[in-house]
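**Student:** My file is structure_3.txt. It has compact mmCIF, C-alpha atoms:
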# COMPACT_ATOMS: atom_id res chain seq x y z
CA MET A 765 -21.51 0.23 6.01
CA THR A 766 -18.10 -1.14 6.96
CA ARG A 767 -15.52 0.89 8.86
CA LEU A 768 -11.84 0.79 7.98
CA ALA A 769 -8.85 2.55 9.49
CA LEU A 770 -5.60 3.83 8.01
CA LEU A 771 -2.30 4.42 9.77
CA GLN A 772 -0.34 7.37 8.39
CA MET A 773 3.15 7.30 9.88
CA THR A 774 6.70 8.60 9.68
CA SER A 775 8.62 5.35 10.00
CA GLY A 776 12.10 5.65 11.43
CA VAL A 777 15.25 3.56 11.52
CA ASP A 778 14.35 1.50 14.63
CA PRO A 779 11.98 -1.41 13.88
CA ALA A 780 11.07 -1.76 17.56
CA ALA A 781 9.86 1.85 17.72
CA ASN A 782 7.89 1.38 14.50
CA ALA A 783 6.36 -1.82 15.89
CA ARG A 784 5.08 0.12 18.89
CA ILE A 785 3.40 2.66 16.59
CA VAL A 786 1.73 -0.16 14.68
CA THR A 787 0.48 -2.01 17.75
CA ASP A 788 -0.87 1.24 19.25
CA ALA A 789 -2.63 1.93 15.95
CA ILE A 790 -4.16 -1.55 15.93
CA ALA A 791 -5.60 -0.92 19.39
CA GLU A 792 -6.93 2.50 18.33
CA ALA A 793 -8.45 1.13 15.13
CA ALA A 794 -10.20 -1.68 16.99
CA ALA A 795 -11.49 0.70 19.66
CA GLY A 796 -12.83 2.93 16.88
CA GLY A 797 -14.89 0.10 15.42
CA ALA A 798 -12.77 -0.62 12.33
CA ALA A 799 -12.95 -4.06 10.79
CA MET A 800 -9.49 -3.64 9.28
CA LEU A 801 -6.43 -1.39 9.63
CA LEU A 802 -4.20 -0.63 6.64
CA THR A 803 -0.63 0.65 7.05
CA PRO A 804 1.88 2.23 4.61
CA GLU A 805 4.71 0.84 2.53
CA MET A 806 7.85 0.25 4.63
CA THR A 807 5.92 0.21 7.88
CA GLY A 808 8.79 -1.47 9.72
CA LEU A 809 11.77 0.58 8.56
CA VAL A 810 12.58 3.63 6.44
CA ASP A 811 16.35 3.91 6.12
CA ARG A 812 18.39 4.53 2.97
CA ASP A 813 21.65 3.90 4.87
CA ARG A 814 22.09 0.34 3.59
CA ALA A 815 24.73 -0.67 6.11
CA ARG A 816 22.67 0.52 9.07
CA ALA A 817 19.51 -1.06 7.68
CA ALA A 818 21.27 -4.37 7.04
CA ALA A 819 22.05 -4.64 10.74
CA VAL A 820 18.35 -4.72 11.72
CA LEU A 821 16.61 -6.32 8.73
CA ARG A 822 15.39 -9.87 9.25
CA SER A 823 13.72 -12.69 7.34
CA GLU A 824 9.94 -13.04 7.46
CA GLY A 825 10.11 -15.65 10.20
CA ASP A 826 12.27 -13.44 12.43
CA ASP A 827 10.80 -9.99 11.75
CA LEU A 828 9.75 -8.35 15.01
CA VAL A 829 7.28 -5.91 13.39
CA LEU A 830 5.41 -8.73 11.69
CA ALA A 831 5.35 -10.78 14.89
CA ALA A 832 4.13 -7.86 17.00
CA ALA A 833 1.47 -6.93 14.45
CA ARG A 834 0.12 -10.49 14.27
CA GLU A 835 -0.05 -10.71 18.05
CA ALA A 836 -1.82 -7.34 18.34
CA ALA A 837 -4.31 -8.18 15.57
CA ALA A 838 -5.27 -11.35 17.41
CA ALA A 839 -5.44 -9.60 20.78
CA HIS A 840 -7.80 -6.91 19.44
CA GLY A 841 -9.75 -9.09 16.99
CA ILE A 842 -9.08 -6.93 13.92
CA TRP A 843 -7.85 -7.60 10.39
CA LEU A 844 -4.67 -5.88 9.24
CA HIS A 845 -2.98 -5.07 5.96
CA LEU A 846 0.67 -4.37 6.71
CA GLY A 847 1.39 -2.30 3.62
CA SER A 848 4.91 -3.64 3.36
CA LEU A 849 8.02 -4.65 5.24
CA ALA A 850 11.60 -4.89 4.01
CA LEU A 851 12.58 -8.52 4.51
CA LYS A 852 15.69 -10.57 3.83
CA ARG A 853 15.38 -13.27 1.17
CA PRO A 854 17.44 -16.47 0.95
CA ASP A 855 19.28 -15.07 -2.12
CA ASP A 856 20.69 -12.13 -0.09
CA LYS A 857 18.36 -9.66 -1.82
CA LEU A 858 15.39 -8.04 -0.08
CA ALA A 859 11.65 -8.35 -0.59
CA ASN A 860 9.27 -5.39 -0.32
CA ARG A 861 6.42 -7.53 0.98
CA GLY A 862 2.91 -6.76 2.16
CA PHE A 863 0.80 -8.99 4.40
CA VAL A 864 -2.90 -9.43 5.03
CA ILE A 865 -3.45 -10.76 8.55
CA ASP A 866 -6.81 -11.89 9.91
CA ALA A 867 -8.39 -11.27 13.31
CA ALA A 868 -6.79 -14.46 14.67
CA GLY A 869 -3.30 -13.26 13.69
CA THR A 870 -3.03 -15.67 10.75
CA ILE A 871 -1.35 -14.52 7.54
CA ARG A 872 -3.98 -14.79 4.80
CA ALA A 873 -1.96 -13.35 1.90
CA ARG A 874 1.47 -12.07 0.89
CA TYR A 875 2.38 -9.76 -1.96
CA ASP A 876 5.84 -8.72 -3.17
CA LYS A 877 6.05 -5.38 -4.99
CA LEU A 878 6.08 -5.95 -8.75
CA HIS A 879 7.43 -2.62 -10.02
CA LEU A 880 10.68 -1.31 -8.55
CA PHE A 881 11.39 2.43 -8.38
CA ASP A 882 14.63 3.25 -10.21
CA VAL A 883 14.72 6.96 -11.04
CA ASP A 884 16.73 10.17 -10.95
CA LEU A 885 14.53 13.13 -9.97
CA PRO A 886 15.08 16.77 -10.98
CA THR A 887 15.48 17.57 -7.27
CA GLY A 888 18.72 15.55 -7.25
CA GLU A 889 17.16 12.60 -5.44
CA SER A 890 18.13 9.22 -6.85
CA TRP A 891 16.40 5.93 -6.09
CA ARG A 892 17.53 2.43 -7.08
CA GLU A 893 15.22 -0.11 -5.50
CA SER A 894 16.51 -2.81 -7.81
CA ALA A 895 19.97 -2.49 -6.25
CA SER A 896 18.63 -4.10 -3.07
CA TYR A 897 15.22 -5.58 -3.85
CA SER A 898 13.88 -8.39 -5.99
CA ALA A 899 10.61 -7.76 -7.79
CA GLY A 900 7.56 -9.90 -7.13
CA GLU A 901 6.12 -12.19 -9.76
CA GLY A 902 2.34 -12.27 -9.32
CA ALA A 903 -0.86 -10.36 -8.51
CA VAL A 904 -2.91 -11.17 -5.39
CA VAL A 905 -6.58 -10.75 -4.40
CA VAL A 906 -7.66 -11.76 -0.89
CA ASP A 907 -11.11 -11.93 0.75
CA THR A 908 -11.42 -9.68 3.81
CA PRO A 909 -14.16 -7.98 5.85
CA LEU A 910 -13.82 -5.05 3.40
CA GLY A 911 -14.50 -7.32 0.43
CA ALA A 912 -12.07 -8.75 -2.10
CA VAL A 913 -8.88 -6.69 -1.75
CA GLY A 914 -6.34 -6.40 -4.56
CA LEU A 915 -2.83 -5.85 -3.27
CA SER A 916 -0.19 -3.49 -4.63
CA ILE A 917 2.59 -1.24 -3.34
CA CYS A 918 3.53 2.38 -4.12
CA TYR A 919 5.19 2.59 -7.59
CA ASP A 920 2.77 -0.12 -8.79
CA LEU A 921 0.24 2.73 -8.82
CA ARG A 922 1.57 3.94 -12.18
CA PHE A 923 0.87 0.67 -14.00
CA ALA A 924 -2.81 0.46 -14.86
CA ALA A 925 -2.57 -3.08 -16.22
CA LEU A 926 -1.99 -4.42 -12.70
CA TYR A 927 -5.25 -2.92 -11.45
CA ALA A 928 -7.12 -4.16 -14.51
CA ALA A 929 -5.88 -7.65 -13.63
CA LEU A 930 -6.85 -7.25 -9.96
CA SER A 931 -10.37 -6.04 -10.75
CA ALA A 932 -10.76 -8.79 -13.37
CA GLY A 933 -9.70 -11.19 -10.61
CA GLY A 934 -12.59 -10.06 -8.42
CA ALA A 935 -11.11 -7.15 -6.44
CA THR A 936 -13.65 -4.59 -5.26
CA LEU A 937 -11.11 -2.65 -3.18
CA LEU A 938 -7.56 -1.79 -4.24
CA SER A 939 -5.00 -1.28 -1.49
CA ILE A 940 -2.09 0.96 -2.52
CA PRO A 941 0.20 1.55 0.49
CA ALA A 942 3.00 3.97 -0.34
CA ALA A 943 5.99 6.07 0.59
CA PHE A 944 5.65 8.64 -2.21
CA THR A 945 8.26 11.36 -2.48
CA GLN A 946 6.98 14.90 -2.01
CA PRO A 947 7.61 16.09 -5.61
CA THR A 948 5.92 13.10 -7.25
CA GLY A 949 3.19 13.10 -4.63
CA ALA A 950 2.29 16.74 -5.23
CA ALA A 951 2.18 16.11 -8.98
CA HIS A 952 0.48 12.74 -9.29
CA TRP A 953 -0.76 11.18 -6.03
CA HIS A 954 -4.41 12.27 -6.03
CA LEU A 955 -4.69 12.06 -9.82
CA LEU A 956 -3.49 8.46 -10.04
CA GLN A 957 -5.38 7.19 -7.00
CA ARG A 958 -8.66 8.56 -8.35
CA ALA A 959 -7.90 7.18 -11.82
CA ARG A 960 -7.30 3.68 -10.45
CA ALA A 961 -10.63 3.84 -8.60
CA VAL A 962 -12.58 5.05 -11.63
CA GLU A 963 -11.09 2.71 -14.23
CA SER A 964 -11.74 -0.36 -12.02
CA ALA A 965 -14.97 0.97 -10.44
CA ALA A 966 -13.50 -0.07 -7.09
CA PHE A 967 -12.64 1.50 -3.77
CA VAL A 968 -9.03 2.61 -3.39
CA VAL A 969 -7.39 2.74 0.04
CA ALA A 970 -3.90 4.21 0.15
CA ALA A 971 -2.11 4.37 3.51
CA ALA A 972 0.97 6.58 3.22
CA GLN A 973 4.21 7.58 4.86
CA THR A 974 4.43 11.27 5.71
CA GLY A 975 6.87 13.97 6.79
CA THR A 976 10.63 14.04 7.27
CA HIS A 977 12.14 10.70 8.29
CA GLU A 978 15.21 9.99 10.42
CA ASP A 979 17.22 9.08 7.32
CA GLY A 980 16.51 12.51 5.81
CA ARG A 981 13.97 11.59 3.16
CA ALA A 982 10.62 13.38 2.96
CA THR A 983 7.35 11.68 2.05
CA TYR A 984 4.08 13.16 0.86
CA GLY A 985 1.40 11.80 3.20
CA HIS A 986 -2.24 12.37 2.19
CA SER A 987 -3.46 8.84 2.92
CA LEU A 988 -6.63 8.46 0.91
CA VAL A 989 -9.88 6.55 0.66
CA VAL A 990 -11.50 6.96 -2.75
CA ASP A 991 -14.88 5.53 -3.75
CA PRO A 992 -15.59 3.75 -7.07
CA TRP A 993 -16.94 6.97 -8.63
CA GLY A 994 -13.66 8.76 -7.85
CA ASP A 995 -14.92 10.76 -4.88
CA VAL A 996 -12.40 11.23 -2.06
CA LEU A 997 -13.94 10.00 1.20
CA LEU A 998 -10.86 10.65 3.35
CA ASP A 999 -7.67 12.67 2.90
CA MET A 1000 -5.46 12.59 6.00
CA GLY A 1001 -3.27 15.53 5.03
CA THR A 1002 0.29 15.43 6.34
CA GLU A 1003 -0.02 14.64 10.06
CA PRO A 1004 0.75 11.13 11.31
CA GLY A 1005 -2.02 9.23 13.04
CA VAL A 1006 -5.00 6.94 12.56
CA GLY A 1007 -7.90 7.91 10.30
CA PHE A 1008 -11.28 6.26 9.77
CA ALA A 1009 -13.68 5.91 6.84
CA ASP A 1010 -16.99 4.12 6.38
CA ILE A 1011 -17.51 2.41 3.04
CA ASP A 1012 -20.58 0.80 1.52
CA PRO A 1013 -19.57 -2.36 -0.38
CA ALA A 1014 -22.81 -2.10 -2.42
CA ARG A 1015 -21.41 1.07 -3.97
CA VAL A 1016 -19.18 -1.05 -6.23
CA ALA A 1017 -22.08 -2.89 -7.84
CA ASP A 1018 -23.98 0.39 -8.23
CA VAL A 1019 -21.13 2.13 -10.05
CA ARG A 1020 -20.36 -0.90 -12.21
CA ALA A 1021 -24.00 -1.04 -13.25
CA ARG A 1022 -23.96 2.64 -14.21
CA VAL A 1023 -20.67 2.43 -16.13
CA PRO A 1024 -19.91 -1.26 -16.84
CA VAL A 1025 -16.24 -0.82 -17.63
CA LEU A 1026 -15.28 -4.35 -16.56
CA ASP A 1027 -17.83 -5.87 -18.92
CA HIS A 1028 -16.65 -3.70 -21.79
CA ARG A 1029 -12.92 -4.44 -21.53
CA ARG A 1030 -11.42 -6.05 -24.61
CA ALA A 1031 -8.09 -7.69 -25.24
CA ILE A 1032 -5.92 -5.17 -27.04
CA PRO A 1033 -4.73 -6.46 -30.42
CA GLU A 1034 -1.18 -6.03 -31.61
CA VAL A 1035 -0.46 -2.41 -32.41
CA ALA A 1036 -0.13 -1.61 -36.10
CA ARG A 1037 2.51 1.05 -36.74
CA ALA A 1038 1.42 3.18 -39.71
Could you rewrite the structure in this file as structure tokens?
**Tutor:**
Amino acid sequence: MTRLALLQMTSGVDPAANARIVTDAIAEAAAGGAAMLLTPEMTGLVDRDRARAAAVLRSEGDDLVLAAAREAAAAHGIWLHLGSLALKRPDDKLANRGFVIDAAGTIRARYDKLHLFDVDLPTGESWRESASYSAGEGAVVVDTPLGAVGLSICYDLRFAALYAALSAGGATLLSIPAAFTQPTGAAHWHLLQRARAVESAAFVVAAAQTGTHEDGRATYGHSLVVDPWGDVLLDMGTEPGVGFADIDPARVADVRARVPVLDHRRAIPEVARA
């Protein structure tokens, strides 16, 4: 069995305060015997006030949350998946970028969110990620103590083809850090996370933002660990904090032998409209 840890948090508008939460969580995860800690989307900053956010956002090389997390990972000898950070790009747009960091503090992988959330909700909430962010261009699988981890972020969850590509690329665990809204979370969060696990016969680990944030938005919480059969091993509810789960990597091979969905996948031919 391998132990992992998840950080469920209510990120605020001050990156330094968020960095302290992350470094404390790294210490707690290591003390609890976890091989790896996974954090939510927008770990470093949740702020829809663009002018205020612009004053504290930095490039990857200057980001204080990333630097503090790398230092803490090395100090405690633990791997880390920073679910994502908002980072300045050279073209004046932003990247919603996740990082996998090893126990020496070295960045092993980067992933920029592929699918951007542009939507008007019945509640009156409106989101336009594409107004500030540039979409990523590729899928990423990285070897970790938890196995081969396929990276994704939040709204990616709704696009099954990405997870088919990740599992075809060798992923045995799918990481889906998120900041789901409460209405969409209540409707679809558990359903989609379990579906992604079952269709890829892979573990799903989804670290989430939760509660009411300083900028006024509300996120759903319920950080999850789901096994390849679709069973929920951990649901953290709505309170912030660090949670733990023990996973058996052999479970993936067992489930894939029972229902060999990866072996049975076929390229879909062009659709004939009758």
**Student:** Quick one: contact table of range 882-974 of chain A to range 979-1003 of chain A, 8 Å max, nearest atom pair and distance in Å to one decimal per residue, counting all atoms listed in the file, chain and number order, as a Markdown table?
**Tutor:**
| residue | atom | partner | partner_atom | distance |
| --- | --- | --- | --- | --- |
| A:Ala943 | CA | A:Thr983 | CA | 6.0 |
| A:Phe944 | CA | A:Thr983 | CA | 5.5 |
| A:Thr945 | CA | A:Thr983 | CA | 4.6 |
| A:Gln946 | CA | A:Tyr984 | CA | 4.4 |
| A:Pro947 | CA | A:Tyr984 | CA | 7.9 |
| A:Gly949 | CA | A:Tyr984 | CA | 5.6 |
| A:Ala950 | CA | A:Tyr984 | CA | 7.3 |
| A:Gln957 | CA | A:Val990 | CA | 7.5 |
| A:Arg958 | CA | A:Gly994 | CA | 5.0 |
| A:Ala959 | CA | A:Gly994 | CA | 7.2 |
| A:Ala961 | CA | A:Pro992 | CA | 5.2 |
| A:Val962 | CA | A:Gly994 | CA | 5.4 |
| A:Ser964 | CA | A:Pro992 | CA | 7.5 |
| A:Ala965 | CA | A:Pro992 | CA | 4.4 |
| A:Ala966 | CA | A:Pro992 | CA | 4.4 |
| A:Phe967 | CA | A:Asp991 | CA | 4.6 |
| A:Val968 | CA | A:Val990 | CA | 5.0 |
| A:Val969 | CA | A:Val989 | CA | 4.6 |
| A:Ala970 | CA | A:Leu988 | CA | 5.1 |
| A:Ala971 | CA | A:Ser987 | CA | 4.7 |
| A:Ala972 | CA | A:Ser987 | CA | 5.0 |
| A:Gln973 | CA | A:Gly985 | CA | 5.3 |
| A:Thr974 | CA | A:Gly985 | CA | 4.0 |
**Student:** Quick one: pull the distance between CA of Arg874 in chain A and CA of Ala903 in chain A, Å, one decimal.
**Tutor:**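 Those two atoms sit 9.8 Å apart.
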**Student:** Using CA of Val904 in chain A and CA of Gln772 in chain A as the two end points, give the distance in Å to one decimal.
**Tutor:**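 So the answer is 23.2 Å.
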**Student:** Which polymer residues have any atom within 7 Å of an atom of Ser848 in chain A, counting all atoms listed in the file, with same-chain residues fewer than 6 positions away left out, as a list in words?
**Tutor:** Pro804, Glu805, Met806, Thr807, Asn860, Arg861, Gly862 and Phe863 of chain A
**Student:** When you draw a straight line from CA of Ala780 in chain A to CA of Gly847 in chain A, how long is it in Å?
**Tutor:** 17.0 Å
**Student:** Show me, as a PDB file with C-alpha atoms, keeping the file's coordinate frame, the residues that have an atom within 12 Å of range 849-854 of chain A when counting only C-alpha atoms, minus same-chain residues fewer than 2 positions from it.
**Tutor:**
ATOM      1  CA  SER A 775       8.620   5.350  10.000  1.00  0.00           C
ATOM      2  CA  VAL A 777      15.250   3.560  11.520  1.00  0.00           C
ATOM      3  CA  PRO A 779      11.980  -1.410  13.880  1.00  0.00           C
ATOM      4  CA  ASN A 782       7.890   1.380  14.500  1.00  0.00           C
ATOM      5  CA  ALA A 783       6.360  -1.820  15.890  1.00  0.00           C
ATOM      6  CA  THR A 803      -0.630   0.650   7.050  1.00  0.00           C
ATOM      7  CA  PRO A 804       1.880   2.230   4.610  1.00  0.00           C
ATOM      8  CA  GLU A 805       4.710   0.840   2.530  1.00  0.00           C
ATOM      9  CA  MET A 806       7.850   0.250   4.630  1.00  0.00           C
ATOM     10  CA  THR A 807       5.920   0.210   7.880  1.00  0.00           C
ATOM     11  CA  GLY A 808       8.790  -1.470   9.720  1.00  0.00           C
ATOM     12  CA  LEU A 809      11.770   0.580   8.560  1.00  0.00           C
ATOM     13  CA  VAL A 810      12.580   3.630   6.440  1.00  0.00           C
ATOM     14  CA  ASP A 811      16.350   3.910   6.120  1.00  0.00           C
ATOM     15  CA  ARG A 812      18.390   4.530   2.970  1.00  0.00           C
ATOM     16  CA  ARG A 814      22.090   0.340   3.590  1.00  0.00           C
ATOM     17  CA  ALA A 817      19.510  -1.060   7.680  1.00  0.00           C
ATOM     18  CA  ALA A 818      21.270  -4.370   7.040  1.00  0.00           C
ATOM     19  CA  ALA A 819      22.050  -4.640  10.740  1.00  0.00           C
ATOM     20  CA  VAL A 820      18.350  -4.720  11.720  1.00  0.00           C
ATOM     21  CA  LEU A 821      16.610  -6.320   8.730  1.00  0.00           C
ATOM     22  CA  ARG A 822      15.390  -9.870   9.250  1.00  0.00           C
ATOM     23  CA  SER A 823      13.720 -12.690   7.340  1.00  0.00           C
ATOM     24  CA  GLU A 824       9.940 -13.040   7.460  1.00  0.00           C
ATOM     25  CA  GLY A 825      10.110 -15.650  10.200  1.00  0.00           C
ATOM     26  CA  ASP A 826      12.270 -13.440  12.430  1.00  0.00           C
ATOM     27  CA  ASP A 827      10.800  -9.990  11.750  1.00  0.00           C
ATOM     28  CA  LEU A 828       9.750  -8.350  15.010  1.00  0.00           C
ATOM     29  CA  VAL A 829       7.280  -5.910  13.390  1.00  0.00           C
ATOM     30  CA  LEU A 830       5.410  -8.730  11.690  1.00  0.00           C
ATOM     31  CA  ALA A 831       5.350 -10.780  14.890  1.00  0.00           C
ATOM     32  CA  ALA A 833       1.470  -6.930  14.450  1.00  0.00           C
ATOM     33  CA  HIS A 845      -2.980  -5.070   5.960  1.00  0.00           C
ATOM     34  CA  LEU A 846       0.670  -4.370   6.710  1.00  0.00           C
ATOM     35  CA  GLY A 847       1.390  -2.300   3.620  1.00  0.00           C
ATOM     36  CA  ASP A 856      20.690 -12.130  -0.090  1.00  0.00           C
ATOM     37  CA  LYS A 857      18.360  -9.660  -1.820  1.00  0.00           C
ATOM     38  CA  LEU A 858      15.390  -8.040  -0.080  1.00  0.00           C
ATOM     39  CA  ALA A 859      11.650  -8.350  -0.590  1.00  0.00           C
ATOM     40  CA  ASN A 860       9.270  -5.390  -0.320  1.00  0.00           C
ATOM     41  CA  ARG A 861       6.420  -7.530   0.980  1.00  0.00           C
ATOM     42  CA  GLY A 862       2.910  -6.760   2.160  1.00  0.00           C
ATOM     43  CA  PHE A 863       0.800  -8.990   4.400  1.00  0.00           C
ATOM     44  CA  VAL A 864      -2.900  -9.430   5.030  1.00  0.00           C
ATOM     45  CA  ARG A 874       1.470 -12.070   0.890  1.00  0.00           C
ATOM     46  CA  TYR A 875       2.380  -9.760  -1.960  1.00  0.00           C
ATOM     47  CA  ASP A 876       5.840  -8.720  -3.170  1.00  0.00           C
ATOM     48  CA  LYS A 877       6.050  -5.380  -4.990  1.00  0.00           C
ATOM     49  CA  GLU A 893      15.220  -0.110  -5.500  1.00  0.00           C
ATOM     50  CA  SER A 896      18.630  -4.100  -3.070  1.00  0.00           C
ATOM     51  CA  TYR A 897      15.220  -5.580  -3.850  1.00  0.00           C
ATOM     52  CA  SER A 898      13.880  -8.390  -5.990  1.00  0.00           C
ATOM     53  CA  ALA A 899      10.610  -7.760  -7.790  1.00  0.00           C
ATOM     54  CA  GLY A 900       7.560  -9.900  -7.130  1.00  0.00           C
ATOM     55  CA  ILE A 917       2.590  -1.240  -3.340  1.00  0.00           C
ATOM     56  CA  PRO A 941       0.200   1.550   0.490  1.00  0.00           C
ATOM     57  CA  ALA A 942       3.000   3.970  -0.340  1.00  0.00           C
ATOM     58  CA  ALA A 943       5.990   6.070   0.590  1.00  0.00           C
TER      59      ALA A 943
END
**Student:** Just checking: using all atoms listed in the file, which residue out of A:Ala873, A:Ala1036, A:Ala1014, A:Ala1009 ends up closest to Thr908 in chain A?
**Tutor:**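 Ranking A:Ala873, A:Ala1036, A:Ala1014, A:Ala1009 by distance to Thr908 in chain A, first place goes to A:Ala873.
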**Student:** If you count all atoms listed in the file, which residues fall within 12 Å of Ile790 in chain A, apart from same-chain ones fewer than 3 positions away, as a VMD selection string?
**Tutor:** chain A and resid 768 to 771 783 to 787 793 to 803 832 to 846 865 867 869 1005 to 1007
**Student:** List the spatial neighbours of Leu921 in chain A as a list in words - criterion: any atom at most 8 Å away, only C-alpha atoms, same-chain residues fewer than 6 positions off excluded.
**Tutor:**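 Here the qualifying residues turn out to be Ile940, Leu956, Gln957 and Arg960 of chain A.
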**Student:** List the neighbours of Asp1012 in chain A out to 9 Å using all atoms listed in the file; skip same-chain residues closer than 5 positions along the sequence, and give me the result as a PyMOL selection string.
**Tutor:** chain A and resi 765-767
**Student:** Ranking A:Ala935, A:Leu930, A:Val1023, A:Ala895 by minimum distance to Asp907 in chain A and counting all atoms listed in the file, which one comes first?
**Tutor:** A:Ala935
**Student:** Please report, as JSON, the centre and edge lengths in Å to one decimal of an axis-aligned box covering all listed atoms of range 828-832 of chain A with 6 Å per side.
**Tutor:**
{"center_x": 6.9, "center_y": -8.3, "center_z": 14.3, "size_x": 17.6, "size_y": 16.9, "size_z": 17.3}
**Student:** From the options A:Ala791, A:Val1016, A:Ala1031, A:Ala951, which residue's atoms come nearest to Ala928 in chain A, counting only C-alpha atoms?
**Tutor:** A:Ala1031
**Student:** From the list A:Leu955, A:Leu878, A:Leu937, A:Val883, which residue is nearest Cys918 in chain A when using only C-alpha atoms?
**Tutor:**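 Of A:Leu955, A:Leu878, A:Leu937, A:Val883, the one nearest Cys918 in chain A, counting only C-alpha atoms, is A:Leu878.
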**Student:** So, counting all atoms listed in the file, which residue among A:Met773, A:Ala868, A:Leu1026, A:Ala1017 is closest to Ser931 in chain A?
**Tutor:**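 Among the listed residues, the smallest separation from Ser931 in chain A belongs to A:Leu1026.
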